[in-house]
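Chemist: Got a structure for you, upload.cif, holding mmCIF, C-alpha atoms and all ligand atoms.
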data_work
loop_
_atom_site.group_PDB
_atom_site.id
_atom_site.type_symbol
_atom_site.label_atom_id
_atom_site.label_comp_id
_atom_site.auth_asym_id
_atom_site.auth_seq_id
_atom_site.Cartn_x
_atom_site.Cartn_y
_atom_site.Cartn_z
ATOM 1 C CA MET A 10 98.038 91.978 70.246
ATOM 2 C CA LEU A 11 100.911 93.970 71.663
ATOM 3 C CA THR A 12 104.329 92.693 72.590
ATOM 4 C CA VAL A 13 105.937 93.411 75.950
ATOM 5 C CA ARG A 14 108.212 96.000 74.334
ATOM 6 C CA GLN A 15 105.341 97.780 72.602
ATOM 7 C CA ALA A 16 103.300 97.861 75.804
ATOM 8 C CA LEU A 17 106.278 99.241 77.710
ATOM 9 C CA ASP A 18 106.819 101.984 75.139
ATOM 10 C CA GLN A 19 103.134 102.884 75.037
ATOM 11 C CA GLY A 20 102.947 102.989 78.820
ATOM 12 C CA ALA A 21 105.995 105.245 79.032
ATOM 13 C CA ARG A 22 104.511 107.591 76.427
ATOM 14 C CA ILE A 23 101.130 107.760 78.170
ATOM 15 C CA LEU A 24 102.760 108.540 81.529
ATOM 16 C CA GLU A 25 105.039 111.128 79.985
ATOM 17 C CA ASP A 26 102.070 112.839 78.337
ATOM 18 C CA GLY A 27 100.422 112.839 81.756
ATOM 19 C CA ALA A 28 103.504 114.576 83.229
ATOM 20 C CA VAL A 29 104.288 111.643 85.517
ATOM 21 C CA GLY A 30 107.950 111.708 86.596
ATOM 22 C CA ALA A 31 110.284 108.797 85.754
ATOM 23 C CA ALA A 32 107.784 107.687 83.080
ATOM 24 C CA ARG A 33 109.819 104.831 81.626
ATOM 25 C CA LEU A 34 110.818 103.379 84.988
ATOM 26 C CA THR A 35 107.211 103.646 86.166
ATOM 27 C CA SER A 36 105.985 101.905 83.010
ATOM 28 C CA GLU A 37 108.492 99.102 83.655
ATOM 29 C CA VAL A 38 107.483 98.664 87.285
ATOM 30 C CA LEU A 39 103.750 98.682 86.490
ATOM 31 C CA LEU A 40 104.148 96.239 83.591
ATOM 32 C CA CYS A 41 106.118 93.844 85.825
ATOM 33 C CA HIS A 42 103.295 94.087 88.335
ATOM 34 C CA ALA A 43 100.697 93.395 85.618
ATOM 35 C CA LEU A 44 102.668 90.385 84.380
ATOM 36 C CA GLY A 45 102.947 89.045 87.948
ATOM 37 C CA GLY A 46 105.042 86.058 88.906
ATOM 38 C CA GLY A 47 107.798 88.101 90.531
ATOM 39 C CA ARG A 48 109.209 89.384 87.257
ATOM 40 C CA ASP A 49 111.794 92.115 87.421
ATOM 41 C CA ARG A 50 112.582 94.868 84.968
ATOM 42 C CA SER A 51 115.368 92.986 83.188
ATOM 43 C CA ASP A 52 112.873 90.213 82.305
ATOM 44 C CA LEU A 53 110.925 92.773 80.289
ATOM 45 C CA TYR A 54 113.881 93.261 77.969
ATOM 46 C CA ALA A 55 114.771 89.560 77.815
ATOM 47 C CA HIS A 56 111.166 88.813 76.758
ATOM 48 C CA GLY A 57 110.479 91.959 74.752
ATOM 49 C CA ASP A 58 108.974 90.049 71.804
ATOM 50 C CA ASP A 59 106.521 87.998 73.886
ATOM 51 C CA GLU A 60 102.889 88.828 73.350
ATOM 52 C CA LEU A 61 100.944 90.279 76.223
ATOM 53 C CA SER A 62 97.827 88.347 77.230
ATOM 54 C CA GLU A 63 94.609 90.294 77.116
ATOM 55 C CA LEU A 64 94.292 90.093 80.887
ATOM 56 C CA THR A 65 97.803 91.512 81.405
ATOM 57 C CA TRP A 66 96.992 94.366 79.060
ATOM 58 C CA ILE A 67 93.795 95.112 81.001
ATOM 59 C CA HIS A 68 95.667 95.120 84.312
ATOM 60 C CA PHE A 69 98.465 97.262 82.903
ATOM 61 C CA GLY A 70 95.920 99.747 81.526
ATOM 62 C CA ARG A 71 94.267 100.004 84.927
ATOM 63 C CA TYR A 72 97.589 100.614 86.693
ATOM 64 C CA LEU A 73 98.554 103.306 84.182
ATOM 65 C CA HIS A 74 95.191 104.970 84.717
ATOM 66 C CA GLU A 75 95.598 104.890 88.513
ATOM 67 C CA ARG A 76 99.094 106.353 88.281
ATOM 68 C CA LEU A 77 97.831 109.111 85.944
ATOM 69 C CA GLN A 78 95.234 109.981 88.602
ATOM 70 C CA GLY A 79 98.113 110.586 91.031
ATOM 71 C CA LYS A 80 98.131 107.303 92.940
ATOM 72 C CA PRO A 81 101.727 106.566 94.012
ATOM 73 C CA THR A 82 103.296 103.590 92.240
ATOM 74 C CA GLN A 83 103.899 101.862 95.606
ATOM 75 C CA TYR A 84 100.165 101.879 96.418
ATOM 76 C CA ILE A 85 99.585 100.157 93.067
ATOM 77 C CA THR A 86 102.309 97.526 93.434
ATOM 78 C CA LYS A 87 101.751 97.407 97.242
ATOM 79 C CA VAL A 88 105.466 97.151 97.994
ATOM 80 C CA GLN A 89 108.397 99.412 98.856
ATOM 81 C CA GLU A 90 111.968 98.306 99.379
ATOM 82 C CA TRP A 91 113.470 99.802 102.531
ATOM 83 C CA TYR A 92 116.835 99.150 104.153
ATOM 84 C CA GLY A 93 117.267 96.188 101.803
ATOM 85 C CA ARG A 94 113.972 94.467 102.579
ATOM 86 C CA GLU A 95 110.609 94.454 100.893
ATOM 87 C CA PHE A 96 107.780 96.010 102.915
ATOM 88 C CA ARG A 97 104.146 95.747 101.971
ATOM 89 C CA VAL A 98 102.296 99.051 102.013
ATOM 90 C CA SER A 99 98.680 100.120 101.757
ATOM 91 C CA PRO A 100 97.038 103.552 101.738
ATOM 92 C CA ALA A 101 96.711 103.147 105.535
ATOM 93 C CA VAL A 102 100.460 103.740 105.891
ATOM 94 C CA LEU A 103 103.017 106.244 104.703
ATOM 95 C CA ILE A 104 105.289 104.864 101.979
ATOM 96 C CA PRO A 105 108.614 104.531 103.793
ATOM 97 C CA ARG A 106 111.113 107.094 102.470
ATOM 98 C CA PRO A 107 114.789 106.422 101.814
ATOM 99 C CA GLU A 108 115.855 109.326 104.072
ATOM 100 C CA THR A 109 114.122 107.637 107.008
ATOM 101 C CA GLU A 110 116.809 104.929 106.820
ATOM 102 C CA HIS A 111 119.001 107.462 108.674
ATOM 103 C CA VAL A 112 116.938 106.692 111.802
ATOM 104 C CA ILE A 113 118.289 103.146 111.693
ATOM 105 C CA GLU A 114 121.841 104.278 110.937
ATOM 106 C CA VAL A 115 121.898 106.765 113.807
ATOM 107 C CA ALA A 116 120.369 104.262 116.222
ATOM 108 C CA LEU A 117 122.875 101.577 115.201
ATOM 109 C CA ALA A 118 125.704 104.048 115.782
ATOM 110 C CA ARG A 119 124.534 105.444 119.147
ATOM 111 C CA VAL A 120 122.231 103.041 120.967
ATOM 112 C CA PRO A 121 123.387 100.013 123.011
ATOM 113 C CA ARG A 122 121.754 96.846 121.717
ATOM 114 C CA THR A 123 120.323 95.533 124.941
ATOM 115 C CA GLY A 124 116.833 95.628 126.329
ATOM 116 C CA ARG A 125 113.590 96.493 124.574
ATOM 117 C CA ALA A 126 112.751 98.858 121.751
ATOM 118 C CA ILE A 127 109.568 100.544 120.573
ATOM 119 C CA ASP A 128 108.674 102.137 117.233
ATOM 120 C CA ILE A 129 106.121 104.860 117.976
ATOM 121 C CA GLY A 130 103.920 105.698 114.992
ATOM 122 C CA CYS A 131 105.185 102.615 113.194
ATOM 123 C CA GLY A 132 103.056 102.856 110.036
ATOM 124 C CA SER A 133 104.263 100.025 107.767
ATOM 125 C CA GLY A 134 106.619 98.904 110.551
ATOM 126 C CA ALA A 135 109.679 99.719 108.433
ATOM 127 C CA ILE A 136 111.685 101.235 111.307
ATOM 128 C CA GLY A 137 110.695 98.817 114.087
ATOM 129 C CA VAL A 138 110.904 95.660 111.980
ATOM 130 C CA THR A 139 114.269 96.680 110.524
ATOM 131 C CA TRP A 140 115.612 97.569 113.981
ATOM 132 C CA GLN A 141 114.504 94.208 115.358
ATOM 133 C CA LEU A 142 116.099 92.304 112.492
ATOM 134 C CA GLU A 143 119.351 94.303 112.606
ATOM 135 C CA THR A 144 119.836 94.127 116.389
ATOM 136 C CA GLY A 145 117.841 91.143 117.636
ATOM 137 C CA MET A 146 116.231 93.372 120.283
ATOM 138 C CA PRO A 147 112.612 92.556 121.165
ATOM 139 C CA THR A 148 110.646 95.402 119.612
ATOM 140 C CA VAL A 149 107.113 96.700 120.074
ATOM 141 C CA LEU A 150 105.233 98.369 117.222
ATOM 142 C CA ALA A 151 102.779 101.124 118.173
ATOM 143 C CA ASP A 152 100.453 103.265 116.107
ATOM 144 C CA LEU A 153 97.218 105.183 116.544
ATOM 145 C CA SER A 154 95.851 103.532 113.404
ATOM 146 C CA THR A 155 94.746 99.910 113.756
ATOM 147 C CA ASP A 156 94.807 99.591 109.956
ATOM 148 C CA ALA A 157 98.475 100.595 110.016
ATOM 149 C CA LEU A 158 99.163 98.109 112.827
ATOM 150 C CA ALA A 159 97.715 95.309 110.695
ATOM 151 C CA VAL A 160 100.106 96.232 107.872
ATOM 152 C CA ALA A 161 103.053 96.470 110.284
ATOM 153 C CA ALA A 162 102.256 93.144 111.939
ATOM 154 C CA GLY A 163 101.997 91.541 108.486
ATOM 155 C CA ASN A 164 105.426 92.889 107.568
ATOM 156 C CA ALA A 165 106.912 91.662 110.849
ATOM 157 C CA ARG A 166 105.523 88.203 110.179
ATOM 158 C CA ALA A 167 106.590 88.068 106.542
ATOM 159 C CA LEU A 168 110.130 89.214 107.363
ATOM 160 C CA GLY A 169 110.487 86.993 110.424
ATOM 161 C CA ALA A 170 110.933 89.830 112.954
ATOM 162 C CA GLN A 171 110.562 89.073 116.689
ATOM 163 C CA VAL A 172 108.000 91.749 117.329
ATOM 164 C CA THR A 173 106.663 91.540 120.870
ATOM 165 C CA GLY A 174 103.470 93.469 120.260
ATOM 166 C CA ALA A 175 101.515 95.617 117.829
ATOM 167 C CA VAL A 176 99.711 98.036 120.109
ATOM 168 C CA ALA A 177 97.146 100.744 119.356
ATOM 169 C CA SER A 178 98.428 103.838 121.125
ATOM 170 C CA ASP A 179 98.376 107.610 120.807
ATOM 171 C CA LEU A 180 102.163 108.062 120.840
ATOM 172 C CA ALA A 181 103.332 106.578 124.195
ATOM 173 C CA ALA A 182 99.955 106.779 125.965
ATOM 174 C CA ALA A 183 99.289 103.028 126.121
ATOM 175 C CA PHE A 184 102.588 102.173 127.832
ATOM 176 C CA GLY A 185 103.704 102.158 131.435
ATOM 177 C CA GLU A 186 106.732 103.844 132.980
ATOM 178 C CA ALA A 187 110.367 102.909 132.399
ATOM 179 C CA GLN A 188 109.767 99.897 130.130
ATOM 180 C CA PHE A 189 111.949 100.593 127.134
ATOM 181 C CA ASP A 190 115.617 101.143 126.327
ATOM 182 C CA VAL A 191 115.070 102.841 122.998
ATOM 183 C CA VAL A 192 112.253 104.778 121.345
ATOM 184 C CA LEU A 193 112.391 105.093 117.563
ATOM 185 C CA SER A 194 109.925 107.320 115.756
ATOM 186 C CA ASN A 195 109.096 109.019 112.498
ATOM 187 C CA PRO A 196 106.074 110.983 113.717
ATOM 188 C CA PRO A 197 103.781 113.049 111.487
ATOM 189 C CA TYR A 198 105.575 116.405 111.342
ATOM 190 C CA ILE A 199 104.475 118.362 108.298
ATOM 191 C CA PRO A 200 103.025 121.742 109.398
ATOM 192 C CA ASP A 201 99.257 121.767 108.716
ATOM 193 C CA PRO A 202 99.463 124.898 106.500
ATOM 194 C CA GLU A 203 101.901 123.144 104.132
ATOM 195 C CA ARG A 204 99.166 120.746 103.085
ATOM 196 C CA GLU A 205 98.251 122.704 99.981
ATOM 197 C CA HIS A 206 101.873 122.822 98.801
ATOM 198 C CA LEU A 207 102.430 119.064 98.906
ATOM 199 C CA GLN A 208 102.624 116.949 95.775
ATOM 200 C CA ARG A 209 99.205 115.498 94.985
ATOM 201 C CA GLU A 210 100.654 111.972 95.351
ATOM 202 C CA VAL A 211 101.309 112.731 99.015
ATOM 203 C CA ARG A 212 98.410 115.087 99.773
ATOM 204 C CA ASP A 213 95.632 113.127 98.117
ATOM 205 C CA PHE A 214 96.816 109.553 98.661
ATOM 206 C CA GLU A 215 98.959 109.171 101.776
ATOM 207 C CA PRO A 216 97.270 109.117 105.200
ATOM 208 C CA ALA A 217 96.878 112.591 106.726
ATOM 209 C CA LEU A 218 97.252 110.976 110.161
ATOM 210 C CA ALA A 219 100.822 110.019 109.232
ATOM 211 C CA LEU A 220 101.729 113.395 107.727
ATOM 212 C CA PHE A 221 100.513 116.391 109.710
ATOM 213 C CA GLY A 222 101.945 117.363 113.070
ATOM 214 C CA GLY A 223 100.023 120.514 114.045
ATOM 215 C CA PRO A 224 100.150 124.234 113.163
ATOM 216 C CA THR A 225 103.976 124.317 112.997
ATOM 217 C CA GLY A 226 104.625 120.578 112.865
ATOM 218 C CA VAL A 227 106.719 120.550 116.057
ATOM 219 C CA GLU A 228 103.783 120.340 118.491
ATOM 220 C CA ILE A 229 103.826 116.581 118.236
ATOM 221 C CA TYR A 230 107.441 116.434 119.487
ATOM 222 C CA ALA A 231 106.463 118.020 122.806
ATOM 223 C CA ARG A 232 104.036 115.146 123.357
ATOM 224 C CA LEU A 233 106.407 112.539 121.949
ATOM 225 C CA LEU A 234 109.276 113.644 124.217
ATOM 226 C CA ALA A 235 107.052 113.800 127.296
ATOM 227 C CA GLY A 236 105.796 110.288 126.567
ATOM 228 C CA ALA A 237 109.246 108.950 125.737
ATOM 229 C CA SER A 238 110.767 110.346 128.945
ATOM 230 C CA ARG A 239 108.065 108.453 130.846
ATOM 231 C CA ILE A 240 108.284 105.052 129.098
ATOM 232 C CA LEU A 241 112.086 104.982 128.730
ATOM 233 C CA LYS A 242 114.310 103.601 131.451
ATOM 234 C CA PRO A 243 116.850 106.107 132.820
ATOM 235 C CA GLY A 244 119.709 106.251 130.324
ATOM 236 C CA GLY A 245 117.473 105.097 127.458
ATOM 237 C CA TRP A 246 117.639 106.655 124.006
ATOM 238 C CA ILE A 247 115.281 108.353 121.596
ATOM 239 C CA VAL A 248 116.000 108.527 117.861
ATOM 240 C CA MET A 249 113.501 110.428 115.773
ATOM 241 C CA GLU A 250 113.055 111.841 112.307
ATOM 242 C CA ILE A 251 112.325 115.566 112.097
ATOM 243 C CA GLY A 252 110.964 118.035 109.562
ATOM 244 C CA TYR A 253 113.482 120.195 107.762
ATOM 245 C CA GLN A 254 112.836 123.410 109.723
ATOM 246 C CA ALA A 255 112.172 121.822 113.093
ATOM 247 C CA GLN A 256 115.697 121.307 114.416
ATOM 248 C CA PRO A 257 116.105 124.493 116.565
ATOM 249 C CA ARG A 258 112.740 124.077 118.301
ATOM 250 C CA ILE A 259 113.305 120.397 119.019
ATOM 251 C CA LEU A 260 116.817 120.972 120.370
ATOM 252 C CA GLU A 261 115.316 123.632 122.663
ATOM 253 C CA MET A 262 112.774 121.117 123.922
ATOM 254 C CA LEU A 263 115.511 118.564 124.577
ATOM 255 C CA HIS A 264 117.696 121.070 126.415
ATOM 256 C CA ALA A 265 114.743 122.147 128.558
ATOM 257 C CA GLY A 266 113.894 118.533 129.428
ATOM 258 C CA PRO A 267 115.560 115.514 131.080
ATOM 259 C CA TRP A 268 117.760 114.823 128.035
ATOM 260 C CA ARG A 269 121.463 114.962 127.244
ATOM 261 C CA GLU A 270 123.811 114.068 124.368
ATOM 262 C CA ALA A 271 121.450 115.550 121.755
ATOM 263 C CA GLU A 272 122.829 115.180 118.239
ATOM 264 C CA THR A 273 121.511 115.959 114.782
ATOM 265 C CA GLN A 274 122.204 113.904 111.669
ATOM 266 C CA ALA A 275 121.759 115.511 108.260
ATOM 267 C CA ASP A 276 120.360 113.594 105.298
ATOM 268 C CA LEU A 277 122.098 113.243 101.923
ATOM 269 C CA ALA A 278 120.611 116.549 100.813
ATOM 270 C CA GLY A 279 122.157 118.260 103.847
ATOM 271 C CA TRP A 280 118.899 118.871 105.779
ATOM 272 C CA PRO A 281 118.766 118.113 109.521
ATOM 273 C CA ARG A 282 116.854 114.831 109.435
ATOM 274 C CA VAL A 283 117.345 112.779 112.584
ATOM 275 C CA ILE A 284 117.743 113.903 116.195
ATOM 276 C CA SER A 285 118.869 111.502 118.891
ATOM 277 C CA ALA A 286 119.274 112.022 122.637
ATOM 278 C CA GLN A 287 119.661 110.111 125.866
ATOM 279 C CA LEU A 288 117.372 110.314 128.869
ATOM 280 C CA TRP A 289 119.332 111.276 131.966
ATOM 281 C CA PRO A 290 120.787 108.080 133.380
ATOM 282 C CA ASN A 291 119.743 109.044 136.898
ATOM 283 C CA ARG A 292 116.718 111.270 137.241
ATOM 284 C CA ALA A 293 117.833 112.411 140.677
ATOM 285 C CA GLU A 294 121.033 113.910 139.220
HETATM 286 N N1 LIG B 301 108.927 112.922 104.788
HETATM 287 C C1 LIG B 301 107.524 112.830 104.567
HETATM 288 C C2 LIG B 301 107.145 113.696 103.404
HETATM 289 O O1 LIG B 301 107.872 114.568 103.031
HETATM 290 C C3 LIG B 301 106.756 113.225 105.812
HETATM 291 C C4 LIG B 301 106.899 112.184 106.846
HETATM 292 C C5 LIG B 301 106.389 112.594 108.166
HETATM 293 O O2 LIG B 301 105.563 113.486 108.343
HETATM 294 N N2 LIG B 301 106.873 111.927 109.110
HETATM 295 O O3 LIG B 301 106.126 113.518 102.807
#
Can you give me the file's structure in the form of structure tokens?
Ligand code: GLN
Modeler:
Amino acid sequence: MLTVRQALDQGARILEDGAVGAARLTSEVLLCHALGGGRDRSDLYAHGDDELSELTWIHFGRYLHERLQGKPTQYITKVQEWYGREFRVSPAVLIPRPETEHVIEVALARVPRTGRAIDIGCGSGAIGVTWQLETGMPTVLADLSTDALAVAAGNARALGAQVTGAVASDLAAAFGEAQFDVVLSNPPYIPDPEREHLQREVRDFEPALALFGGPTGVEIYARLLAGASRILKPGGWIVMEIGYQAQPRILEMLHAGPWREAETQADLAGWPRVISAQLWPNRAE
């Protein structure tokens, strides 16, 4: 039989031969998952001489095989840490990205913490659940995908978030006028023609519904902004993630609509990543 250390080394070599990035780290994460029992990577080194059970070896082999086929590690381990909390993910939801944490940061910096919030296109619920837990605001989760809503509701429950609904909705369509004080959203915004250029991990494994936003990717923002201006109370805020070439078009839309105070936040790589704006406080103005 193999020891933990030998399995780890073999896994790393197999992944490296398969041109999987971060091969050693991936081998560590998958072996922890195969061992179960909430082990973390440091345990692997503390117990490097332990023998692997046959069952663990079988599980580990299956996970390595899945990763070699392109399946993202997070769909194998079914978890992703985001804004300091552990979210469960499934192939029904996008794996929450670190750069999306800027949505929370911008909202915390700009949005008053009173009233009700909604996460439109919530996927795993990362944004809405985090916002609820950070601010205490009652928050609704909305998504077109009922499979995604089940994942989001599960995360809300597991993390103890006061979510006031998980609602199937095409963007804002299911909601009435002037109900919310803040709309948060990371909508699908990748231009359809970019599909073929995506990494296979994204293209072949993550949900197309959560990725593609139309021929140029900005079409969805016209609908999102129209819906948000209807369901927000006057003076309410929208904070949304954007695609890296979308900023000029979205600022144009905001300037042409009932919005003010539009601001763009860049991500750590310097790309425009989050746009926030306020609905006119008084529509008659
Ligand atoms: N940032 C994601 C990616 O690059 C896309 C997320 C989205 O469309 N909202 O894969």
Chemist: How would you write, as a PyMOL selection string, the residues chosen by the PyMOL selection byres (((chain A and resi 270) around 6) and not hetatm) on this structure?
Modeler: chain A and resi 269+271+286-287
Chemist: Counting all atoms listed in the file, what are the residues, protein, DNA or RNA alike, that approach ligand LIG 301 (chain B) to within 9 Å? I want them as an NGL selection string.
Modeler: :A and (103-106 or 108-109 or 194-200 or 207-208 or 211-212 or 215 or 217-222 or 226 or 250-252)
Chemist: Could you tell me which residues the PyMOL selection byres (((chain A and resi 239) around 9) and not hetatm) returns for this structure, as a list in words?
Modeler: Ala181, Phe184, Gly185, Glu186, Ala187, Gln188, Leu234, Ala235, Gly236, Ala237, Ser238, Ile240, Leu241 and Lys242 of chain A
Chemist: Evaluated on this file, the PyMOL selection byres (((chain A and resi 193) around 9) and not hetatm) picks out some residues - which ones are they, written as a PyMOL selection string?
Modeler: chain A and resi 112-113+116+126-131+136-137+140+191-192+194-195+246-250
Chemist: Could those selected residues go to a file with C-alpha atoms, as a compact mmCIF listing (two decimals), in the coordinates of the input?
Modeler:
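File part_30.txt, as written:
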# COMPACT_ATOMS: atom_id res chain seq x y z
CA VAL A 112 116.94 106.69 111.80
CA ILE A 113 118.29 103.15 111.69
CA ALA A 116 120.37 104.26 116.22
CA ALA A 126 112.75 98.86 121.75
CA ILE A 127 109.57 100.54 120.57
CA ASP A 128 108.67 102.14 117.23
CA ILE A 129 106.12 104.86 117.98
CA GLY A 130 103.92 105.70 114.99
CA CYS A 131 105.18 102.62 113.19
CA ILE A 136 111.68 101.24 111.31
CA GLY A 137 110.70 98.82 114.09
CA TRP A 140 115.61 97.57 113.98
CA VAL A 191 115.07 102.84 123.00
CA VAL A 192 112.25 104.78 121.34
CA SER A 194 109.92 107.32 115.76
CA ASN A 195 109.10 109.02 112.50
CA TRP A 246 117.64 106.66 124.01
CA ILE A 247 115.28 108.35 121.60
CA VAL A 248 116.00 108.53 117.86
CA MET A 249 113.50 110.43 115.77
CA GLU A 250 113.06 111.84 112.31
Chemist: Between A:Arg48, A:Arg76, A:Arg258, A:His206, single out the one closest to Thr225 in chain A, counting all atoms listed in the file.
Modeler: A:Arg258
